[in-house]
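Coordinates as given in upload_36.cif (mmCIF, C-alpha atoms):
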data_my_file
loop_
_atom_site.label_atom_id
_atom_site.label_comp_id
_atom_site.auth_asym_id
_atom_site.auth_seq_id
_atom_site.Cartn_x
_atom_site.Cartn_y
_atom_site.Cartn_z
CA ASP A 27 -7.13 -12.42 -3.36
CA PHE A 28 -4.25 -9.93 -3.14
CA ARG A 29 -3.52 -9.86 -6.85
CA TYR A 30 -6.96 -8.84 -8.05
CA GLY A 31 -7.98 -6.85 -5.00
CA ALA A 32 -4.94 -4.58 -5.19
CA LYS A 33 -5.12 -4.11 -8.96
CA ASP A 34 -8.82 -3.26 -8.78
CA PHE A 35 -8.27 -0.76 -5.96
CA VAL A 36 -5.51 1.20 -7.69
CA ARG A 37 -7.78 1.45 -10.75
CA GLY A 38 -10.50 3.04 -8.64
CA SER A 39 -12.68 0.17 -7.50
CA PRO A 40 -14.60 0.83 -4.23
CA ASN A 41 -13.34 -2.42 -2.68
CA ARG A 42 -11.73 -1.10 0.51
CA ASP A 43 -13.30 -3.79 2.71
CA HIS A 44 -11.48 -6.48 0.74
CA VAL A 45 -8.25 -4.46 0.52
CA ARG A 46 -8.10 -4.13 4.31
CA LYS A 47 -8.19 -7.93 4.57
CA ILE A 48 -5.39 -8.55 2.09
CA ILE A 49 -3.18 -5.86 3.68
CA THR A 50 -3.23 -7.78 6.96
CA GLY A 51 -1.99 -11.01 5.42
CA SER A 52 -5.41 -12.37 4.40
CA THR A 53 -5.91 -13.59 7.98
CA GLU A 54 -9.63 -12.75 7.76
CA LEU A 55 -9.92 -14.58 4.45
CA TRP A 56 -8.04 -17.88 4.50
CA THR A 57 -4.66 -17.80 6.29
CA SER A 58 -3.94 -18.67 9.90
CA ASP A 59 -0.93 -16.33 9.89
CA PRO A 60 0.45 -13.75 7.41
CA MET A 61 3.36 -15.95 6.33
CA GLN A 62 0.93 -18.19 4.46
CA ALA A 63 0.13 -15.32 2.08
CA VAL A 64 2.26 -14.47 -0.96
CA ASN A 65 1.32 -10.90 -1.90
CA TYR A 66 1.77 -9.95 -5.53
CA VAL A 67 0.15 -8.07 -8.41
CA GLU A 68 2.07 -9.64 -11.31
CA SER A 69 3.26 -13.19 -11.93
CA HIS A 70 4.39 -15.23 -14.94
CA ASP A 71 0.83 -15.89 -16.05
CA ASP A 72 -1.86 -13.51 -17.27
CA MET A 73 -1.12 -9.93 -18.34
CA ALA A 74 1.86 -7.93 -17.16
CA LEU A 75 0.93 -5.22 -14.65
CA ALA A 76 1.89 -2.46 -17.11
CA ASP A 77 -0.64 -3.92 -19.57
CA VAL A 78 -3.38 -4.32 -16.97
CA LEU A 79 -2.95 -0.66 -16.00
CA SER A 80 -2.67 0.64 -19.58
CA MET A 81 -5.33 3.16 -20.54
CA ARG A 82 -5.04 2.21 -24.21
CA PRO A 83 -7.84 0.20 -25.85
CA ASP A 84 -5.33 -2.46 -26.94
CA LYS A 85 -3.80 -2.62 -23.42
CA ASP A 86 -0.29 -2.36 -24.91
CA GLY A 87 1.72 -1.17 -21.94
CA ARG A 88 4.85 -0.34 -23.90
CA ARG A 89 3.61 3.25 -24.23
CA ILE A 90 3.48 4.34 -20.61
CA SER A 91 2.11 7.50 -19.04
CA GLU A 92 2.68 9.21 -15.69
CA PHE A 93 -0.84 8.23 -14.65
CA GLU A 94 -0.18 4.56 -15.36
CA ALA A 95 3.14 4.80 -13.52
CA GLY A 96 1.30 6.23 -10.51
CA MET A 97 -1.05 3.24 -10.41
CA ASN A 98 1.92 0.88 -10.67
CA LYS A 99 3.65 2.59 -7.74
CA LEU A 100 0.47 2.45 -5.66
CA ALA A 101 0.20 -1.30 -6.33
CA ALA A 102 3.83 -1.75 -5.24
CA THR A 103 3.19 0.31 -2.11
CA LEU A 104 0.39 -2.08 -1.18
CA VAL A 105 2.65 -5.10 -1.74
CA PHE A 106 5.51 -3.83 0.43
CA THR A 107 3.50 -2.28 3.28
CA SER A 108 1.29 -5.34 3.83
CA LEU A 109 1.88 -8.31 6.09
CA GLY A 110 2.84 -11.50 4.29
CA ILE A 111 5.51 -12.48 1.76
CA PRO A 112 6.00 -9.81 -0.96
CA MET A 113 6.68 -10.98 -4.50
CA ILE A 114 7.37 -9.07 -7.71
CA ASN A 115 7.74 -10.49 -11.20
CA GLU A 116 10.91 -9.82 -13.18
CA GLY A 117 10.50 -6.57 -15.08
CA GLN A 118 7.48 -5.40 -13.12
CA GLU A 119 9.67 -2.81 -11.40
CA PHE A 120 10.36 -1.04 -14.71
CA MET A 121 6.91 -1.55 -16.22
CA ARG A 122 7.72 -4.44 -18.52
CA SER A 123 4.97 -5.07 -21.08
CA LYS A 124 3.83 -8.17 -22.92
CA ARG A 125 2.01 -6.02 -25.48
CA GLY A 126 -1.37 -6.51 -23.84
CA ILE A 127 -1.40 -10.27 -24.47
CA SER A 128 -2.86 -12.19 -21.53
CA ASN A 129 -1.47 -15.67 -22.22
CA THR A 130 2.01 -15.64 -23.77
CA TYR A 131 3.17 -19.23 -23.18
CA ASN A 132 3.50 -19.78 -26.97
CA LYS A 133 4.71 -16.32 -28.01
CA GLY A 134 8.45 -16.89 -27.61
CA ASP A 135 11.12 -14.33 -26.86
CA GLU A 136 9.62 -11.70 -29.12
CA VAL A 137 6.99 -11.06 -26.44
CA ASN A 138 8.38 -12.73 -23.32
CA ALA A 139 12.03 -11.65 -23.27
CA ILE A 140 13.17 -9.22 -20.56
CA ARG A 141 14.46 -6.11 -22.36
CA TRP A 142 16.81 -4.41 -19.97
CA THR A 143 16.90 -1.23 -22.04
CA ASP A 144 13.29 -0.66 -20.94
CA ARG A 145 14.78 0.55 -17.64
CA GLU A 146 16.23 3.56 -19.45
CA ARG A 147 12.83 5.09 -20.20
CA PRO A 148 12.47 8.12 -17.86
CA ILE A 149 9.07 7.10 -16.47
CA ALA A 150 10.16 3.48 -16.06
CA SER A 151 13.36 4.56 -14.30
CA ASP A 152 11.31 6.61 -11.85
CA VAL A 153 9.07 3.62 -11.08
CA MET A 154 12.10 1.38 -10.56
CA GLU A 155 13.55 3.82 -8.02
CA TRP A 156 10.27 3.67 -6.08
CA TYR A 157 10.46 -0.13 -6.00
CA GLN A 158 14.08 0.04 -4.84
CA ASP A 159 13.11 2.44 -2.03
CA LEU A 160 10.18 0.27 -0.95
CA ILE A 161 12.41 -2.81 -0.82
CA GLU A 162 15.03 -0.93 1.19
CA LEU A 163 12.35 0.26 3.62
CA ARG A 164 10.89 -3.23 3.96
CA ARG A 165 14.33 -4.73 4.71
CA SER A 166 15.39 -1.98 7.15
CA ASN A 167 15.29 -2.19 10.94
CA ALA A 168 12.41 0.29 10.92
CA GLY A 169 10.59 -1.82 8.34
CA GLN A 170 10.44 -4.84 10.65
CA ALA A 171 6.95 -3.55 11.42
CA PHE A 172 5.82 -4.93 8.04
CA ARG A 173 7.58 -8.27 8.59
CA ALA A 174 5.51 -9.56 11.51
CA VAL A 175 5.16 -13.33 11.28
CA LYS A 176 2.06 -13.32 13.49
CA MET A 177 -0.50 -10.55 13.88
CA PRO A 178 0.72 -8.86 17.10
CA SER A 179 -2.82 -7.72 18.02
CA PRO A 180 -6.15 -7.06 16.27
CA ASP A 181 -5.41 -3.32 16.21
CA TYR A 182 -1.88 -3.66 14.79
CA TYR A 183 -3.28 -2.05 11.63
CA THR A 184 -5.87 0.68 12.17
CA TRP A 185 -7.73 2.31 9.30
CA ILE A 186 -8.36 5.78 7.94
CA GLU A 187 -11.38 5.67 5.63
CA PRO A 188 -12.67 8.97 4.26
CA THR A 189 -16.04 9.16 2.52
CA ASN A 190 -14.29 8.97 -0.84
CA THR A 191 -13.80 5.22 -1.38
CA ARG A 192 -10.77 5.86 -3.59
CA LEU A 193 -8.84 6.91 -0.48
CA LEU A 194 -7.44 4.60 2.18
CA GLY A 195 -5.01 5.07 5.02
CA TYR A 196 -3.57 2.75 7.63
CA VAL A 197 -1.58 3.19 10.82
CA VAL A 198 0.84 0.33 11.51
CA ASN A 199 2.57 -0.64 14.76
CA SER A 200 1.49 2.45 16.70
CA PRO A 201 1.82 2.18 19.62
CA ARG A 202 4.73 -0.15 18.97
CA LYS A 203 3.75 -3.76 19.58
CA HIS A 204 6.41 -5.25 17.32
CA GLU A 205 10.01 -4.59 16.33
CA GLY A 206 10.43 -1.69 13.95
CA ASN A 207 8.90 1.76 13.82
CA GLY A 208 5.36 3.03 13.57
CA PHE A 209 4.06 3.98 10.12
CA ILE A 210 1.16 5.77 8.49
CA VAL A 211 0.43 4.98 4.83
CA LEU A 212 -2.00 7.18 2.88
CA LEU A 213 -3.19 6.08 -0.57
CA ASN A 214 -5.04 8.23 -3.10
CA THR A 215 -6.23 6.35 -6.19
CA ASP A 216 -8.42 9.24 -7.32
CA THR A 217 -7.70 11.18 -10.49
CA THR A 218 -7.56 14.47 -8.56
CA GLU A 219 -5.66 15.75 -5.54
CA GLN A 220 -7.40 14.88 -2.27
CA HIS A 221 -7.18 15.78 1.43
CA MET A 222 -7.22 13.22 4.23
CA SER A 223 -7.97 14.26 7.81
CA PHE A 224 -7.11 11.98 10.71
CA THR A 225 -5.69 11.89 14.21
CA LEU A 226 -1.91 11.68 14.28
CA PRO A 227 -1.06 9.09 16.96
CA SER A 228 1.29 9.74 19.85
CA GLY A 229 4.91 9.96 18.80
CA ARG A 230 7.31 12.03 16.71
CA TRP A 231 6.49 11.68 13.03
CA LYS A 232 8.10 12.72 9.75
CA LEU A 233 7.17 12.30 6.10
CA ILE A 234 9.52 9.68 4.65
CA GLY A 235 7.76 8.84 1.35
CA ASP A 236 5.97 11.10 -1.15
CA GLY A 237 5.20 8.71 -4.01
CA ASN A 238 8.52 9.51 -5.67
CA ARG A 239 11.25 8.74 -3.14
CA ILE A 240 11.56 7.24 0.34
CA ASP A 241 14.13 8.32 2.93
CA VAL A 242 13.92 6.77 6.41
CA ASN A 243 15.73 9.84 7.77
CA GLY A 244 12.88 12.03 6.57
CA LEU A 245 12.42 13.72 3.22
CA PRO A 246 14.02 17.17 2.72
CA ASP A 247 11.93 19.87 4.43
CA SER A 248 9.90 17.19 6.24
CA GLU A 249 8.34 18.76 9.31
CA LEU A 250 8.65 16.99 12.65
CA MET A 251 5.10 16.45 13.92
CA ALA A 252 4.25 15.46 17.48
CA GLY A 253 1.06 13.58 18.23
CA PRO A 254 -1.61 13.10 19.23
CA ARG A 255 -3.36 15.84 17.25
CA LYS A 256 -5.75 16.29 14.37
CA ILE A 257 -4.09 16.90 11.00
CA SER A 258 -5.10 17.15 7.34
CA MET A 259 -2.81 16.03 4.53
CA LYS A 260 -2.93 16.86 0.83
CA ILE A 261 -2.20 13.85 -1.38
CA PRO A 262 -1.54 14.22 -5.12
CA SER A 263 -3.68 12.22 -7.51
CA VAL A 264 -2.75 8.56 -7.92
CA SER A 265 -0.04 8.76 -5.29
CA SER A 266 0.83 7.99 -1.67
CA LEU A 267 2.37 9.47 1.45
CA ILE A 268 4.27 7.47 4.06
CA PHE A 269 5.02 8.79 7.56
CA MET A 270 7.27 7.19 10.18
CA ASP A 271 7.44 7.55 13.96
CA GLY A 272 10.58 7.46 16.07
CA PHE A 273 12.39 10.75 15.37
#
Mind turning the file's structure into structure tokens?
Amino acid sequence: DFRYGAKDFVRGSPNRDHVRKIITGSTELWTSDPMQAVNYVESHDDMALADVLSMRPDKDGRRISEFEAGMNKLAATLVFTSLGIPMINEGQEFMRSKRGISNTYNKGDEVNAIRWTDRERPIASDVMEWYQDLIELRRSNAGQAFRAVKMPSPDYYTWIEPTNTRLLGYVVNSPRKHEGNGFIVLLNTDTTEQHMSFTLPSGRWKLIGDGNRIDVNGLPDSELMAGPRKISMKIPSVSSLIFMDGF
């Protein structure tokens, strides 16, 4: 459920109803608590994520673009800001490709080997830093909000859903009902820059993630915003913004 729902959403599918359910640990689908869900977008079987997201007709993800990298980072953002157990496949974090082949069990090392030099590609290196930042956030004291074993309350995640179905936002742990901080995650899977308007909840908020880097102390020049109040945020195409409360 998570694997295909997340990959479809970052590629522009209007499947927000399903995505909301996987973000909350699939508790409305089949789990009795989030810890029964393993959330991932790439595993050992089927195509590598870089190949799935490739815009090339042959789906060979070895030739990566900034647009494809943006979709990869959005997929990772979904994995690490959802309830449940996050999982990534080795090499996913630097856009490893299996040349667009969907079933490589009999292709040997020529296709299946992990090539560590792939990390040195500038775009791949940028994606890997985003994964590292997401993991650090998830493991931090503030990030305990995403590690709830049980759903603290039905409104633990609340949703921001503009008319454009390629946009989705969610407010997590605000007001705080679990250990960790409050968060707002805004996702734009559209091919153009978009604005999202919503009510900033009570608290003291800063931008900590801009789709490139995450800093739990607040990104440079991040404005301290006090809620509640109405705000509008500009989100670059195929990118995300993450805000945190508690400053």
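Between CA of Ser265 in chain A and CA of Ser52 in chain A lies a distance of 23.9 Å.
Proximity of A:Glu119, A:Arg125, A:Glu162, A:Asp247 to Trp142 in chain A, computed with all atoms listed in the file, is greatest for A:Glu119.
Of the residues under consideration (A:Glu219, A:Asp181, A:Glu68, A:Glu155), A:Glu68 shows the shortest atom-to-atom contact distance to Val105 in chain A when counting all atoms listed in the file.
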Please write as a tab-separated table (two decimals) with C-alpha atoms, in the frame of the given file the full residue list that the PyMOL selection byres ((chain A and resi 220) around 6) yields on this file.
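The result, stored in selection.tsv:
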chain	number	residue	atom	x	y	z
A	219	GLU	CA	-5.66	15.75	-5.54
A	221	HIS	CA	-7.18	15.78	1.43
A	260	LYS	CA	-2.93	16.86	0.83
A	261	ILE	CA	-2.20	13.85	-1.38
* Kindly resolve the PyMOL selection byres ((chain A and resi 250) around 9) on the present coordinates and return the residues as a PyMOL selection string. => chain A and resi 230-233+244+248-249+251-252+273
* To do: Between A:Leu193, A:Met259, A:Met270, A:Ala76, single out the one closest to Gly117 in chain A, counting only C-alpha atoms.
  => A:Ala76
* Exactly which residues make up the result of the PyMOL selection byres ((chain A and resi 42) around 10) on this file, given as a ChimeraX atom specification? -> /A:31-32,34-35,39-41,43-48,187,191-194
Include C-alpha atoms and write out the residues we just selected as a PDB file, in the coordinates of the input.
ATOM      1  CA  GLY A  31      -7.980  -6.850  -5.000  1.00  0.00           C
ATOM      2  CA  ALA A  32      -4.940  -4.580  -5.190  1.00  0.00           C
ATOM      3  CA  ASP A  34      -8.820  -3.260  -8.780  1.00  0.00           C
ATOM      4  CA  PHE A  35      -8.270  -0.760  -5.960  1.00  0.00           C
ATOM      5  CA  SER A  39     -12.680   0.170  -7.500  1.00  0.00           C
ATOM      6  CA  PRO A  40     -14.600   0.830  -4.230  1.00  0.00           C
ATOM      7  CA  ASN A  41     -13.340  -2.420  -2.680  1.00  0.00           C
ATOM      8  CA  ASP A  43     -13.300  -3.790   2.710  1.00  0.00           C
ATOM      9  CA  HIS A  44     -11.480  -6.480   0.740  1.00  0.00           C
ATOM     10  CA  VAL A  45      -8.250  -4.460   0.520  1.00  0.00           C
ATOM     11  CA  ARG A  46      -8.100  -4.130   4.310  1.00  0.00           C
ATOM     12  CA  LYS A  47      -8.190  -7.930   4.570  1.00  0.00           C
ATOM     13  CA  ILE A  48      -5.390  -8.550   2.090  1.00  0.00           C
ATOM     14  CA  GLU A 187     -11.380   5.670   5.630  1.00  0.00           C
ATOM     15  CA  THR A 191     -13.800   5.220  -1.380  1.00  0.00           C
ATOM     16  CA  ARG A 192     -10.770   5.860  -3.590  1.00  0.00           C
ATOM     17  CA  LEU A 193      -8.840   6.910  -0.480  1.00  0.00           C
ATOM     18  CA  LEU A 194      -7.440   4.600   2.180  1.00  0.00           C
TER      19      LEU A 194
END
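Comparing A:Val67, A:Leu163, A:Val264, A:Val78 by their smallest distance to Met97 in chain A, the closest is A:Val264 (using all atoms listed in the file).
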* To do: Would you mind listing what lies within 12 Å of Asn138 in chain A as number ranges by chain, with only C-alpha atoms counted and same-chain residues fewer than 4 positions away left out?
  => A: 70-74, 116-117, 122-134
Can I get the selection written as a PDB file, in the coordinates of the input, with C-alpha atoms?
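Writing the result to part_34.pdb gives the following:
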ATOM      1  CA  HIS A  70       4.390 -15.230 -14.940  1.00  0.00           C
ATOM      2  CA  ASP A  71       0.830 -15.890 -16.050  1.00  0.00           C
ATOM      3  CA  ASP A  72      -1.860 -13.510 -17.270  1.00  0.00           C
ATOM      4  CA  MET A  73      -1.120  -9.930 -18.340  1.00  0.00           C
ATOM      5  CA  ALA A  74       1.860  -7.930 -17.160  1.00  0.00           C
ATOM      6  CA  GLU A 116      10.910  -9.820 -13.180  1.00  0.00           C
ATOM      7  CA  GLY A 117      10.500  -6.570 -15.080  1.00  0.00           C
ATOM      8  CA  ARG A 122       7.720  -4.440 -18.520  1.00  0.00           C
ATOM      9  CA  SER A 123       4.970  -5.070 -21.080  1.00  0.00           C
ATOM     10  CA  LYS A 124       3.830  -8.170 -22.920  1.00  0.00           C
ATOM     11  CA  ARG A 125       2.010  -6.020 -25.480  1.00  0.00           C
ATOM     12  CA  GLY A 126      -1.370  -6.510 -23.840  1.00  0.00           C
ATOM     13  CA  ILE A 127      -1.400 -10.270 -24.470  1.00  0.00           C
ATOM     14  CA  SER A 128      -2.860 -12.190 -21.530  1.00  0.00           C
ATOM     15  CA  ASN A 129      -1.470 -15.670 -22.220  1.00  0.00           C
ATOM     16  CA  THR A 130       2.010 -15.640 -23.770  1.00  0.00           C
ATOM     17  CA  TYR A 131       3.170 -19.230 -23.180  1.00  0.00           C
ATOM     18  CA  ASN A 132       3.500 -19.780 -26.970  1.00  0.00           C
ATOM     19  CA  LYS A 133       4.710 -16.320 -28.010  1.00  0.00           C
ATOM     20  CA  GLY A 134       8.450 -16.890 -27.610  1.00  0.00           C
TER      21      GLY A 134
END
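Residues with at least one atom no more than 6 Å from (1.7, -15.2, 11.4), using only C-alpha atoms, are Asp59, Pro60, Met61, Val175, Lys176 and Met177 of chain A.
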Centre, edges in Å (one decimal): axis-aligned box, range 61-68 of chain A, 8 Å padding on all six sides, as JSON:
{"center_x": 1.7, "center_y": -13.1, "center_z": -2.5, "size_x": 19.2, "size_y": 26.1, "size_z": 33.6}
* **From A:Phe106, A:Phe269, A:Phe28, A:Tyr183, residue lying nearest Phe209 in chain A [only C-alpha atoms]** => A:Phe269
* Structure fact -> The residue from A:Met81, A:Val197, A:Ile210, A:Ile114 with the smallest atom-to-atom distance to Met154 in chain A, counting only C-alpha atoms, is A:Ile114
* Shell of 12 Å around Ile161 in chain A, only C-alpha atoms, local chain residues under 4 positions omitted, as a ChimeraX atom specification -> /A:102-103,105-107,112-114,119,154-157,165-166,169-170,172-173,239-241
Store the residues picked out above, limited to C-alpha atoms, as a JSON list (two decimals), keeping the file's coordinate frame.
[["chain", "number", "residue", "atom", "x", "y", "z"],
["A", 102, "ALA", "CA", 3.83, -1.75, -5.24],
["A", 103, "THR", "CA", 3.19, 0.31, -2.11],
["A", 105, "VAL", "CA", 2.65, -5.10, -1.74],
["A", 106, "PHE", "CA", 5.51, -3.83, 0.43],
["A", 107, "THR", "CA", 3.50, -2.28, 3.28],
["A", 112, "PRO", "CA", 6.00, -9.81, -0.96],
["A", 113, "MET", "CA", 6.68, -10.98, -4.50],
["A", 114, "ILE", "CA", 7.37, -9.07, -7.71],
["A", 119, "GLU", "CA", 9.67, -2.81, -11.40],
["A", 154, "MET", "CA", 12.10, 1.38, -10.56],
["A", 155, "GLU", "CA", 13.55, 3.82, -8.02],
["A", 156, "TRP", "CA", 10.27, 3.67, -6.08],
["A", 157, "TYR", "CA", 10.46, -0.13, -6.00],
["A", 165, "ARG", "CA", 14.33, -4.73, 4.71],
["A", 166, "SER", "CA", 15.39, -1.98, 7.15],
["A", 169, "GLY", "CA", 10.59, -1.82, 8.34],
["A", 170, "GLN", "CA", 10.44, -4.84, 10.65],
["A", 172, "PHE", "CA", 5.82, -4.93, 8.04],
["A", 173, "ARG", "CA", 7.58, -8.27, 8.59],
["A", 239, "ARG", "CA", 11.25, 8.74, -3.14],
["A", 240, "ILE", "CA", 11.56, 7.24, 0.34],
["A", 241, "ASP", "CA", 14.13, 8.32, 2.93]]
